[in-house]
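> So that you have it, the file is my_file-v3.tsv, and it contains TSV, C-alpha atoms and all ligand atoms:
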```tsv
chain	number	residue	atom	x	y	z
A	16	MET	CA	0.00	0.00	0.00
A	17	THR	CA	1.33	3.47	-0.80
A	18	LYS	CA	2.36	5.64	2.11
A	19	ASN	CA	2.06	9.39	2.44
A	20	CYS	CA	4.34	11.70	4.35
A	21	GLY	CA	4.96	15.43	4.32
A	22	TYR	CA	5.96	18.52	6.27
A	23	VAL	CA	3.41	21.03	7.53
A	24	ALA	CA	4.54	24.51	8.58
A	25	LEU	CA	2.48	26.28	11.23
A	26	LEU	CA	3.02	29.97	10.63
A	27	GLY	CA	1.46	33.19	11.80
A	28	ARG	CA	1.95	36.18	14.04
A	29	PRO	CA	2.99	35.69	17.64
A	30	ASN	CA	0.05	34.58	19.79
A	31	ALA	CA	-2.01	33.33	16.83
A	32	GLY	CA	-2.34	29.94	18.54
A	33	LYS	CA	0.28	27.86	16.67
A	34	SER	CA	1.72	26.01	19.66
A	35	THR	CA	-1.70	25.36	21.15
A	36	LEU	CA	-2.86	23.89	17.83
A	37	LEU	CA	0.27	21.73	17.56
A	38	ASN	CA	-0.34	20.33	21.04
A	39	ALA	CA	-4.02	19.76	20.26
A	40	LEU	CA	-3.27	18.00	16.95
A	41	LEU	CA	-0.78	15.73	18.72
A	42	GLY	CA	-2.91	15.23	21.81
A	43	THR	CA	0.08	15.97	24.03
A	44	LYS	CA	2.06	18.86	25.37
A	45	LEU	CA	5.08	19.41	23.19
A	46	ALA	CA	5.22	23.12	22.62
A	47	VAL	CA	5.21	25.82	25.25
A	48	VAL	CA	2.09	27.96	25.41
A	49	SER	CA	1.56	31.25	27.18
A	50	ASN	CA	-0.50	34.38	26.67
A	51	LYS	CA	2.71	36.32	26.01
A	52	PRO	CA	3.83	36.65	22.41
A	53	GLN	CA	7.12	34.99	21.40
A	54	THR	CA	6.94	32.13	23.85
A	55	THR	CA	8.08	29.68	21.18
A	56	ARG	CA	11.73	30.23	20.44
A	57	ASN	CA	12.71	27.43	18.17
A	58	LYS	CA	11.11	25.24	15.57
A	59	ILE	CA	9.56	22.16	17.08
A	60	LEU	CA	8.56	19.11	15.09
A	61	GLY	CA	5.53	17.06	16.07
A	62	VAL	CA	4.69	13.79	14.35
A	63	CYS	CA	1.09	12.88	13.55
A	64	SER	CA	0.51	9.39	12.13
A	65	GLU	CA	-2.70	7.68	11.14
A	66	GLY	CA	-3.68	5.07	8.55
A	67	ASN	CA	-1.23	5.43	5.66
A	68	SER	CA	-0.42	9.03	6.32
A	69	GLN	CA	2.17	10.85	8.40
A	70	ALA	CA	2.24	14.63	8.87
A	71	LEU	CA	5.36	16.27	10.30
A	72	LEU	CA	4.10	19.44	11.92
A	73	LEU	CA	6.55	22.27	12.42
A	74	ASP	CA	5.69	24.85	15.05
A	75	THR	CA	7.64	28.06	14.64
A	76	PRO	CA	8.45	31.22	16.54
A	77	GLY	CA	6.05	33.93	15.40
A	78	ILE	CA	7.31	36.06	12.57
A	79	HIS	CA	7.93	39.70	13.29
A	80	LYS	CA	8.27	42.80	11.24
A	81	SER	CA	10.90	45.18	12.50
A	82	ASP	CA	14.19	46.55	11.31
A	83	ASN	CA	15.77	46.76	14.70
A	84	LEU	CA	15.31	43.36	16.21
A	85	PRO	CA	17.72	41.94	18.78
A	86	LYS	CA	19.92	39.10	17.50
A	87	MET	CA	17.75	36.45	19.14
A	88	ASN	CA	14.62	37.63	17.31
A	89	GLN	CA	16.46	37.93	14.01
A	90	VAL	CA	17.44	34.28	14.31
A	91	MET	CA	13.88	33.36	15.35
A	92	ASN	CA	12.54	35.03	12.19
A	93	LYS	CA	15.00	33.12	10.05
A	94	VAL	CA	13.98	29.87	11.70
A	95	ALA	CA	10.32	30.57	10.83
A	96	TRP	CA	11.13	31.29	7.19
A	97	SER	CA	13.48	28.32	6.85
A	98	VAL	CA	10.58	26.04	7.78
A	99	LEU	CA	8.70	27.25	4.72
A	100	LYS	CA	11.30	25.79	2.41
A	101	ASP	CA	10.71	22.26	3.73
A	102	ALA	CA	6.93	22.45	3.92
A	103	ASP	CA	4.51	20.61	1.62
A	104	LEU	CA	1.60	22.36	3.28
A	105	VAL	CA	1.62	25.78	4.93
A	106	CYS	CA	-0.99	26.42	7.60
A	107	TYR	CA	-1.20	30.16	8.18
A	108	LEU	CA	-3.00	31.03	11.42
A	109	ILE	CA	-4.89	34.22	12.13
A	110	ASP	CA	-6.48	34.85	15.53
A	111	VAL	CA	-10.11	35.54	14.62
A	112	THR	CA	-10.60	37.56	17.80
A	113	ASN	CA	-7.82	39.96	16.79
A	114	GLY	CA	-8.52	39.97	13.07
A	115	TRP	CA	-6.20	40.65	10.20
A	116	HIS	CA	-3.03	42.62	10.83
A	117	GLU	CA	-0.66	44.45	8.46
A	118	GLU	CA	1.93	41.78	9.17
A	119	ASP	CA	-0.47	39.16	7.81
A	120	THR	CA	-0.59	41.05	4.51
A	121	LEU	CA	3.18	41.14	4.44
A	122	TRP	CA	3.77	37.48	5.22
A	123	LEU	CA	0.94	36.09	3.11
A	124	ASP	CA	1.99	38.23	0.15
A	125	GLY	CA	5.50	36.77	0.47
A	126	ILE	CA	4.29	33.21	0.89
A	127	LEU	CA	1.83	33.41	-2.03
A	128	LYS	CA	4.39	34.78	-4.45
A	129	LYS	CA	7.49	32.87	-3.45
A	130	PHE	CA	6.52	29.34	-2.52
A	131	GLU	CA	4.94	26.58	-4.60
A	132	LYS	CA	3.08	25.06	-1.69
A	133	LYS	CA	-0.40	24.21	-0.64
A	134	LEU	CA	-1.72	26.96	1.62
A	135	LEU	CA	-4.45	26.55	4.21
A	136	VAL	CA	-5.51	29.70	6.03
A	137	LEU	CA	-6.92	29.05	9.49
A	138	ALA	CA	-8.97	31.42	11.63
A	139	THR	CA	-8.23	30.35	15.20
A	140	LYS	CA	-9.71	30.73	18.71
A	141	THR	CA	-13.29	30.63	17.46
A	142	ASP	CA	-14.48	29.49	20.90
A	143	LYS	CA	-13.27	32.67	22.54
A	144	VAL	CA	-15.94	35.12	21.41
A	145	LYS	CA	-19.65	35.15	20.50
A	146	ILE	CA	-20.78	33.73	17.14
A	147	GLU	CA	-21.47	37.22	15.71
A	148	GLU	CA	-17.94	38.30	16.52
A	149	VAL	CA	-16.50	35.16	14.97
A	150	GLU	CA	-18.47	35.91	11.80
A	151	HIS	CA	-17.26	39.50	11.86
A	152	GLY	CA	-13.66	38.29	12.21
A	153	ARG	CA	-14.13	35.77	9.39
A	154	GLN	CA	-15.53	38.44	7.06
A	155	ASN	CA	-12.65	40.75	7.90
A	156	ILE	CA	-10.13	38.03	6.96
A	157	VAL	CA	-12.00	37.30	3.68
A	158	ASN	CA	-12.11	41.01	2.76
A	159	ARG	CA	-8.51	41.73	3.58
A	160	PHE	CA	-7.35	38.66	1.69
A	161	HIS	CA	-9.42	39.83	-1.26
A	162	ASP	CA	-7.63	43.20	-1.11
A	163	LEU	CA	-4.33	41.37	-1.08
A	164	ILE	CA	-5.19	39.31	-4.17
A	165	GLU	CA	-6.54	42.43	-5.97
A	166	GLY	CA	-3.10	43.97	-5.50
A	167	VAL	CA	-1.41	41.10	-7.33
A	168	LYS	CA	-0.73	42.06	-10.95
A	169	SER	CA	-1.37	38.73	-12.59
A	170	VAL	CA	-2.51	35.32	-11.41
A	171	SER	CA	0.76	33.82	-12.64
A	172	GLU	CA	2.46	35.74	-9.85
A	173	LEU	CA	0.78	33.43	-7.38
A	174	LYS	CA	2.77	30.30	-6.67
A	175	CYS	CA	0.74	28.91	-3.77
A	176	GLN	CA	-2.33	26.77	-4.16
A	177	LEU	CA	-5.08	27.71	-1.70
A	178	ILE	CA	-6.84	24.65	-0.33
A	179	GLY	CA	-9.78	23.97	1.97
A	180	ASP	CA	-12.33	26.44	3.27
A	181	PHE	CA	-11.18	30.03	3.29
A	182	PRO	CA	-10.55	30.63	6.09
A	183	LEU	CA	-10.98	27.32	7.85
A	184	MET	CA	-12.50	28.11	11.25
A	185	VAL	CA	-11.03	26.20	14.14
A	186	SER	CA	-10.83	26.19	17.92
A	187	SER	CA	-8.00	24.22	19.49
A	188	LYS	CA	-10.27	23.76	22.49
A	189	ARG	CA	-12.86	21.76	20.55
A	190	PRO	CA	-11.70	18.17	20.03
A	191	THR	CA	-14.06	17.42	17.11
A	192	GLU	CA	-12.81	20.43	15.13
A	193	VAL	CA	-9.20	19.50	15.88
A	194	ALA	CA	-9.84	15.90	14.79
A	195	SER	CA	-11.37	16.91	11.48
A	196	LEU	CA	-8.52	19.36	10.80
A	197	ARG	CA	-6.07	16.57	11.63
A	198	ASN	CA	-7.74	14.26	9.11
A	199	TYR	CA	-7.78	16.98	6.50
A	200	ILE	CA	-4.06	17.73	6.97
A	201	LEU	CA	-3.22	14.01	6.79
A	202	SER	CA	-5.25	13.69	3.57
A	203	GLN	CA	-3.13	16.42	1.94
A	204	MET	CA	0.24	14.74	2.48
A	205	PRO	CA	2.14	13.75	-0.67
A	206	GLU	CA	3.17	10.19	-1.44
A	207	GLY	CA	6.33	9.17	0.38
A	208	GLU	CA	7.86	6.81	2.91
A	209	TRP	CA	7.30	7.65	6.55
A	210	LEU	CA	10.27	9.43	8.12
A	211	PHE	CA	9.31	8.58	11.72
A	212	GLY	CA	7.96	5.55	13.54
A	213	GLU	CA	4.24	5.16	14.16
A	214	ASP	CA	4.59	5.98	17.88
A	215	ASP	CA	7.10	8.81	17.57
A	216	LEU	CA	5.83	12.21	18.64
A	217	THR	CA	8.81	14.48	18.05
A	218	ASP	CA	12.40	14.67	16.85
A	219	ARG	CA	13.33	16.50	20.02
A	220	PRO	CA	14.96	14.62	22.88
A	221	GLN	CA	13.03	14.26	26.13
A	222	ARG	CA	15.37	16.74	27.85
A	223	PHE	CA	14.52	19.47	25.34
A	224	VAL	CA	10.80	19.05	25.98
A	225	CYS	CA	11.45	19.09	29.75
A	226	ALA	CA	13.53	22.30	29.49
A	227	GLU	CA	10.62	23.84	27.58
A	228	ILE	CA	8.14	22.80	30.27
A	229	ILE	CA	10.28	24.57	32.90
A	230	ARG	CA	10.55	27.62	30.64
A	231	GLU	CA	6.78	27.67	30.29
A	232	GLN	CA	6.41	28.10	34.07
A	233	ILE	CA	8.91	30.95	34.01
A	234	PHE	CA	6.84	32.61	31.28
A	235	ARG	CA	3.70	32.16	33.30
A	236	GLN	CA	5.08	33.40	36.59
A	237	LEU	CA	7.16	36.40	35.55
A	238	GLY	CA	6.04	39.79	34.24
A	239	GLN	CA	6.00	40.93	30.63
A	240	GLU	CA	9.62	41.57	29.66
A	241	LEU	CA	11.94	39.29	31.54
A	242	PRO	CA	11.02	35.83	30.19
A	243	TYR	CA	12.39	36.65	26.74
A	244	LYS	CA	15.86	36.95	28.21
A	245	ILE	CA	15.77	33.62	29.98
A	246	ALA	CA	16.93	30.17	28.91
A	247	VAL	CA	16.74	26.80	30.63
A	248	VAL	CA	19.54	24.26	30.35
A	249	ILE	CA	19.14	20.73	31.66
A	250	ASP	CA	22.35	19.67	33.43
A	251	ILE	CA	21.24	16.29	34.76
A	252	PHE	CA	18.44	14.07	33.51
A	253	GLU	CA	18.46	10.56	34.90
A	254	ASN	CA	15.90	7.89	35.61
A	255	LYS	CA	16.40	6.04	38.90
A	256	ASN	CA	13.90	3.41	39.98
A	257	ASN	CA	10.54	5.20	39.74
A	258	VAL	CA	11.90	8.72	39.87
A	259	THR	CA	13.38	11.04	37.25
A	260	ASN	CA	16.03	13.37	38.68
A	261	ILE	CA	16.31	16.64	36.83
A	262	SER	CA	18.76	19.40	37.58
A	263	ALA	CA	18.44	22.54	35.49
A	264	THR	CA	20.02	25.96	35.24
A	265	ILE	CA	17.96	29.04	34.51
A	266	VAL	CA	20.18	31.39	32.52
A	267	VAL	CA	19.51	35.13	32.91
A	268	GLU	CA	21.19	38.20	31.48
A	269	ARG	CA	21.75	40.31	34.60
A	270	ASP	CA	22.18	40.15	38.36
A	271	SER	CA	18.96	42.12	38.79
A	272	HIS	CA	17.12	39.49	36.70
A	273	LYS	CA	18.53	36.77	38.92
A	274	GLY	CA	17.01	38.52	41.93
A	275	ILE	CA	13.61	38.70	40.24
A	276	VAL	CA	13.64	35.00	39.31
A	277	ILE	CA	14.66	33.97	42.82
A	278	GLY	CA	12.19	36.33	44.52
A	279	LYS	CA	11.90	37.24	48.21
A	280	LYS	CA	13.64	34.57	50.24
A	281	GLY	CA	13.56	32.30	47.19
A	282	SER	CA	9.76	32.32	46.99
A	283	ARG	CA	9.44	32.82	43.22
A	284	LEU	CA	11.98	30.16	42.35
A	285	LYS	CA	10.24	27.78	44.72
A	286	SER	CA	6.88	28.42	43.12
A	287	ILE	CA	8.33	28.01	39.59
A	288	GLY	CA	9.95	24.76	40.74
A	289	THR	CA	6.76	23.37	42.25
A	290	ASP	CA	4.58	24.09	39.21
A	291	ALA	CA	7.27	22.91	36.78
A	292	ARG	CA	7.63	19.65	38.71
A	293	ILE	CA	3.86	19.02	38.59
A	294	SER	CA	3.83	19.72	34.86
A	295	LEU	CA	6.89	17.49	34.28
A	296	GLU	CA	5.33	14.65	36.25
A	297	ARG	CA	2.21	14.90	34.12
A	298	HIS	CA	4.27	14.89	30.93
A	299	LEU	CA	6.62	12.05	31.90
A	300	ASP	CA	3.92	10.16	33.79
A	301	ARG	CA	6.29	9.45	36.68
A	302	LYS	CA	7.61	11.04	39.86
A	303	VAL	CA	10.11	13.86	39.33
A	304	PHE	CA	12.74	15.33	41.62
A	305	LEU	CA	13.59	18.78	40.30
A	306	GLU	CA	16.47	21.07	41.30
A	307	LEU	CA	16.76	24.57	39.83
A	308	PHE	CA	19.74	26.93	39.79
A	309	VAL	CA	20.02	30.46	38.46
A	310	LYS	CA	23.12	31.70	36.61
A	311	VAL	CA	23.95	35.08	35.05
A	312	LYS	CA	25.41	35.10	31.51
A	313	SER	CA	25.46	38.69	30.43
A	314	GLY	CA	24.55	39.40	26.82
A	315	TRP	CA	23.63	35.80	25.95
A	316	THR	CA	20.68	36.82	23.75
A	317	GLU	CA	23.03	38.83	21.52
A	318	ASN	CA	25.74	36.21	21.21
A	319	LEU	CA	25.39	33.51	18.54
A	320	ASN	CA	27.48	30.94	20.44
A	321	MET	CA	25.51	31.37	23.64
A	322	LEU	CA	22.19	31.38	21.73
A	323	SER	CA	23.17	27.99	20.39
A	324	GLU	CA	24.41	26.71	23.76
A	325	TYR	CA	21.56	27.92	25.95
A	326	ALA	CA	18.56	28.07	23.64
A	327	ASP	CA	19.58	25.49	21.01
A	328	LEU	CA	18.97	28.28	18.55
A	329	GLN	CA	21.07	28.30	15.39
A	330	ASP	CA	20.95	30.64	12.45
A	331	PRO	CA	19.60	28.37	9.67
A	332	ASN	CA	21.86	30.11	7.14
A	333	ASP	CA	24.93	29.07	9.11
A	334	VAL	CA	23.77	25.51	9.63
A	335	ASN	CA	22.94	24.61	6.03
A	401	LIG	N1	-9.78	30.18	23.83
A	401	LIG	C1	-8.75	29.80	23.06
A	401	LIG	N2	-7.51	30.24	23.36
A	401	LIG	C2	-6.49	29.84	22.57
A	401	LIG	C3	-6.69	29.00	21.43
A	401	LIG	N3	-5.50	28.81	20.83
A	401	LIG	C4	-4.60	29.49	21.57
A	401	LIG	N4	-5.17	30.11	22.61
A	401	LIG	C5	-4.50	30.95	23.63
A	401	LIG	O1	-3.80	32.00	22.97
A	401	LIG	C6	-2.53	32.26	23.60
A	401	LIG	C7	-1.39	32.11	22.60
A	401	LIG	O2	-1.34	30.77	22.17
A	401	LIG	P1	0.01	30.11	21.62
A	401	LIG	O3	-0.34	28.76	21.15
A	401	LIG	O4	1.14	30.24	22.60
A	401	LIG	O5	0.30	31.07	20.36
A	401	LIG	P2	1.59	31.08	19.38
A	401	LIG	O6	2.42	32.24	19.82
A	401	LIG	O7	1.04	31.29	18.01
A	401	LIG	O8	2.26	29.76	19.52
A	401	LIG	C8	-2.45	31.28	24.78
A	401	LIG	O9	-2.85	31.96	25.95
A	401	LIG	C9	-3.43	30.19	24.41
A	401	LIG	O10	-3.97	29.54	25.53
A	401	LIG	C10	-8.04	28.56	21.14
A	401	LIG	O11	-8.33	27.84	20.17
A	401	LIG	N5	-9.03	29.00	21.99
A	402	MG	MG	4.19	29.35	20.07
```
Could you render the structure as structure tokens?
Ligand SMILES: Nc1nc2c(ncn2[C@@H]2O[C@H](COP(=O)(O)OP(=O)(O)O)[C@@H](O)[C@H]2O)c(=O)[nH]1
Ligand SMILES: [Mg+2]

Amino acid sequence: MTKNCGYVALLGRPNAGKSTLLNALLGTKLAVVSNKPQTTRNKILGVCSEGNSQALLLDTPGIHKSDNLPKMNQVMNKVAWSVLKDADLVCYLIDVTNGWHEEDTLWLDGILKKFEKKLLVLATKTDKVKIEEVEHGRQNIVNRFHDLIEGVKSVSELKCQLIGDFPLMVSSKRPTEVASLRNYILSQMPEGEWLFGEDDLTDRPQRFVCAEIIREQIFRQLGQELPYKIAVVIDIFENKNNVTNISATIVVERDSHKGIVIGKKGSRLKSIGTDARISLERHLDRKVFLELFVKVKSGWTENLNMLSEYADLQDPNDVN
């Protein structure tokens, strides 16, 4: 029997719901989710297998428009675009509760003209607002996309092939909608041998996913700015009897940041540790002993070597 296998890029502005959708499609927590934009730092591959078809879903950092981005965000942008090259299907997510944004015009214009891919536009978070508002958001996306196409000089300029409903309405919180989207994505995969085993969920090692789970708690428990300057490195990860021992270092940029992470008499670090341990135990389905340390590495988010060492973040142009 022929097998199908392909790459699916999840793209869209920060906070559009990419990581939440990836987790929902996989039925497990793989990618970090928070209500702060730019939580996802790296590309994360999730494997979805069913029947004859395998879809390799690539979650990406949100793409940003700005000329003056710090080094870390420049690399994050490049990671997002590099994913497009590999993709057989591009899922472009727009938060229906926020509507279309100028950046959507910019990215979709680029994708439509440059890439010979299938393109599925998704309107996300449809559960979040009343039906009338969802319809309003949908209409806004249709109109703005129409404006975008009107601006294209000739149809031959368009390389992408739009597929599915436009936009396809989905809530990651509604299992039936997620399941039908999953089936649809699987049905669009090109012929090809499977690249992963039937039970594989990701190409990332367990320790990467665990570092991300700890980082998620830091995102949730700290204020707006600081989390972007923080990395988590797993120093020890060992299974002993029924317990997994994890020792991790939280890397911050400044002494003052260290103080904030540790909190009064260590209270913040303790609370991050407790919630991270609960989340890790749920993910690993076993008891976890977690130790956290905080270390200052000044300027790490501007230094390519340290970005690679602490955040596993490499400039795709340098790697290939
Ligand atoms: N109600 C609702 N919230 C969602 C949905 N998808 C994402 N969110 C929330 O939107 C925020 C951003 O989601 P996230 O997946 O991190 O966005 P990303 O930056 O595109 O990866 C988080 O607070 C999520 O819980 C959805 O379908 N429904
Ligand atoms: Mg994300």
> Select, from A:Thr55, A:Asn67, A:Ser313, A:Thr17, the residue with the minimum atom-to-atom distance to ligand LIG 401 (chain A), counting only C-alpha atoms and all ligand atoms.
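With only C-alpha atoms and all ligand atoms as the atom set, the closest residue is A:Thr55.
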> Point out the residue among A:Val98, A:Ile293, A:Leu36, A:Leu210 with the least atom-to-atom distance to Glu192 (chain A), counting all atoms listed in the file.
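Selected residue with least distance to Glu192 (chain A): A:Leu36.
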> Residues of chain A that approach ligand LIG 401 (chain A) to 8 Å or less, counting only C-alpha atoms and all ligand atoms: could you list each one with the shortest pair of atoms and its distance in Å to one decimal, rows by chain and increasing residue number, as JSON lines?

```
{"residue": "A:Leu26", "atom": "CA", "partner": "A:LIG401", "partner_atom": "O7", "distance": 7.8}
{"residue": "A:Gly27", "atom": "CA", "partner": "A:LIG401", "partner_atom": "O7", "distance": 6.5}
{"residue": "A:Arg28", "atom": "CA", "partner": "A:LIG401", "partner_atom": "O7", "distance": 6.4}
{"residue": "A:Pro29", "atom": "CA", "partner": "A:LIG401", "partner_atom": "O6", "distance": 4.1}
{"residue": "A:Asn30", "atom": "CA", "partner": "A:LIG401", "partner_atom": "O6", "distance": 3.3}
{"residue": "A:Ala31", "atom": "CA", "partner": "A:LIG401", "partner_atom": "O7", "distance": 3.9}
{"residue": "A:Gly32", "atom": "CA", "partner": "A:LIG401", "partner_atom": "O5", "distance": 3.4}
{"residue": "A:Lys33", "atom": "CA", "partner": "A:LIG401", "partner_atom": "O7", "distance": 3.8}
{"residue": "A:Ser34", "atom": "CA", "partner": "A:LIG401", "partner_atom": "O3", "distance": 3.7}
{"residue": "A:Thr35", "atom": "CA", "partner": "A:LIG401", "partner_atom": "O3", "distance": 3.7}
{"residue": "A:Leu36", "atom": "CA", "partner": "A:LIG401", "partner_atom": "N3", "distance": 6.3}
{"residue": "A:Leu37", "atom": "CA", "partner": "A:LIG401", "partner_atom": "O3", "distance": 7.9}
{"residue": "A:Ala46", "atom": "CA", "partner": "A:LIG401", "partner_atom": "O8", "distance": 7.9}
{"residue": "A:Val47", "atom": "CA", "partner": "A:LIG401", "partner_atom": "O4", "distance": 6.6}
{"residue": "A:Val48", "atom": "CA", "partner": "A:LIG401", "partner_atom": "O4", "distance": 3.7}
{"residue": "A:Ser49", "atom": "CA", "partner": "A:LIG401", "partner_atom": "O9", "distance": 4.6}
{"residue": "A:Asn50", "atom": "CA", "partner": "A:LIG401", "partner_atom": "O9", "distance": 3.4}
{"residue": "A:Lys51", "atom": "CA", "partner": "A:LIG401", "partner_atom": "C7", "distance": 6.8}
{"residue": "A:Pro52", "atom": "CA", "partner": "A:LIG401", "partner_atom": "O6", "distance": 5.3}
{"residue": "A:Gln53", "atom": "CA", "partner": "A:LIG401", "partner_atom": "O6", "distance": 5.7}
{"residue": "A:Thr54", "atom": "CA", "partner": "A:LIG401", "partner_atom": "O6", "distance": 6.1}
{"residue": "A:Thr55", "atom": "CA", "partner": "A:LIG401", "partner_atom": "O8", "distance": 6.1}
{"residue": "A:Asp74", "atom": "CA", "partner": "A:LIG401", "partner_atom": "O8", "distance": 7.5}
{"residue": "A:Thr75", "atom": "CA", "partner": "A:LIG401", "partner_atom": "O8", "distance": 7.5}
{"residue": "A:Pro76", "atom": "CA", "partner": "A:LIG401", "partner_atom": "O6", "distance": 6.9}
{"residue": "A:Gly77", "atom": "CA", "partner": "A:LIG401", "partner_atom": "O6", "distance": 6.0}
{"residue": "A:Leu108", "atom": "CA", "partner": "A:LIG401", "partner_atom": "O7", "distance": 7.7}
{"residue": "A:Thr139", "atom": "CA", "partner": "A:LIG401", "partner_atom": "O11", "distance": 5.6}
{"residue": "A:Lys140", "atom": "CA", "partner": "A:LIG401", "partner_atom": "O11", "distance": 3.5}
{"residue": "A:Thr141", "atom": "CA", "partner": "A:LIG401", "partner_atom": "O11", "distance": 6.3}
{"residue": "A:Asp142", "atom": "CA", "partner": "A:LIG401", "partner_atom": "N5", "distance": 5.6}
{"residue": "A:Lys143", "atom": "CA", "partner": "A:LIG401", "partner_atom": "N1", "distance": 4.5}
{"residue": "A:Val185", "atom": "CA", "partner": "A:LIG401", "partner_atom": "O11", "distance": 6.8}
{"residue": "A:Ser186", "atom": "CA", "partner": "A:LIG401", "partner_atom": "O11", "distance": 3.7}
{"residue": "A:Ser187", "atom": "CA", "partner": "A:LIG401", "partner_atom": "O11", "distance": 3.7}
{"residue": "A:Lys188", "atom": "CA", "partner": "A:LIG401", "partner_atom": "O11", "distance": 5.1}
{"residue": "A:Arg189", "atom": "CA", "partner": "A:LIG401", "partner_atom": "O11", "distance": 7.6}
```
> May I have the residues within 9 Å of Leu127 (chain A) as a PDB file with C-alpha atoms, in the frame of the given file, using only C-alpha atoms and disregarding those fewer than 2 positions away in the same chain?

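Saved file around-v2.pdb follows:
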```pdb
ATOM      1  CA  TRP A 122       3.770  37.480   5.220  1.00  0.00           C
ATOM      2  CA  LEU A 123       0.940  36.090   3.110  1.00  0.00           C
ATOM      3  CA  ASP A 124       1.990  38.230   0.150  1.00  0.00           C
ATOM      4  CA  GLY A 125       5.500  36.770   0.470  1.00  0.00           C
ATOM      5  CA  LYS A 129       7.490  32.870  -3.450  1.00  0.00           C
ATOM      6  CA  PHE A 130       6.520  29.340  -2.520  1.00  0.00           C
ATOM      7  CA  GLU A 131       4.940  26.580  -4.600  1.00  0.00           C
ATOM      8  CA  LYS A 132       3.080  25.060  -1.690  1.00  0.00           C
ATOM      9  CA  LEU A 134      -1.720  26.960   1.620  1.00  0.00           C
ATOM     10  CA  GLU A 172       2.460  35.740  -9.850  1.00  0.00           C
ATOM     11  CA  LEU A 173       0.780  33.430  -7.380  1.00  0.00           C
ATOM     12  CA  LYS A 174       2.770  30.300  -6.670  1.00  0.00           C
ATOM     13  CA  CYS A 175       0.740  28.910  -3.770  1.00  0.00           C
ATOM     14  CA  GLN A 176      -2.330  26.770  -4.160  1.00  0.00           C
ATOM     15  CA  LEU A 177      -5.080  27.710  -1.700  1.00  0.00           C
TER      16      LEU A 177
END
```
> Identify, on the basis of only C-alpha atoms, every residue whose closest approach to Lys312 (chain A) does not exceed 7 Å; exclude the query and any residue fewer than 6 positions from it along the same chain; express the result as a ChimeraX atom specification.
/A:266-268
> What is the CA of Pro182 (chain A) to CA of Arg153 (chain A) distance in Å?
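Those two atoms sit 7.1 Å apart.
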> My list of candidates is A:Ile228, A:Cys20, A:Val303, A:Leu73. Which is closest to Glu213 (chain A) when distances are computed with all atoms listed in the file?
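Selected residue with least distance to Glu213 (chain A): A:Cys20.
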> So what do you get for CA of Ile251 (chain A) versus CA of Leu305 (chain A), distance-wise?
9.8 Å
> From the list A:Lys44, A:Gln89, A:Asn155, A:Glu147, which residue is nearest Asn113 (chain A) when using all atoms listed in the file?
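Under the stated criterion, the closest residue is A:Asn155.
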> So that I can check the surroundings of Gly66 (chain A), please list as a list in words every protein, DNA and RNA residue that reaches within 10 Å of it, counting all atoms listed in the file and ignoring chain neighbours fewer than 6 positions away.
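Contacts, with the query itself left out: Lys18, Asn19, Leu201 and Glu213 of chain A.
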> How would the residues just chosen look if you wrote them out with C-alpha atoms as a JSON list (two decimals), in the coordinates of the input?

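Saved result, part21.json, follows:
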```json
[["chain", "number", "residue", "atom", "x", "y", "z"],
["A", 18, "LYS", "CA", 2.36, 5.64, 2.11],
["A", 19, "ASN", "CA", 2.06, 9.39, 2.44],
["A", 201, "LEU", "CA", -3.22, 14.01, 6.79],
["A", 213, "GLU", "CA", 4.24, 5.16, 14.16]]
```
> Could you pull the residues within 12 Å of Met321 (chain A), counting only C-alpha atoms, minus those fewer than 4 positions along the same chain, as a list in words?
Lys86, Met87, Ile245, Ala246, Val248, Val266, Val267, Glu268, Lys312, Ser313, Gly314, Trp315, Thr316, Glu317, Tyr325, Ala326, Asp327, Leu328 and Gln329 of chain A
> Restricting the calculation to only C-alpha atoms and all ligand atoms, which member of A:Leu41, A:Ala95, A:Ile200, A:Val62 is positioned closest to ligand MG 402 (chain A)?
A:Ala95
> Within 12 Å of (-9.0, 37.1, -2.4) (coordinates as in the file), grab all the protein and nucleic acid residues, counting only C-alpha atoms, and write them out as a PyMOL selection string.
chain A and resi 120+123-124+127+136+154-167+170+173+177+181-182
> Ranking A:Val258, A:Val224, A:Val90, A:Val276 by minimum distance to Pro242 (chain A) and counting only C-alpha atoms, which one comes first?
A:Val276
> Pull the neighbourhood of (17.3, 25.3, 10.7) for me: all residues within 12 Å in file coordinates, counting only C-alpha atoms, as a ChimeraX atom specification.
/A:57-60,73,75,90-101,323,327-335
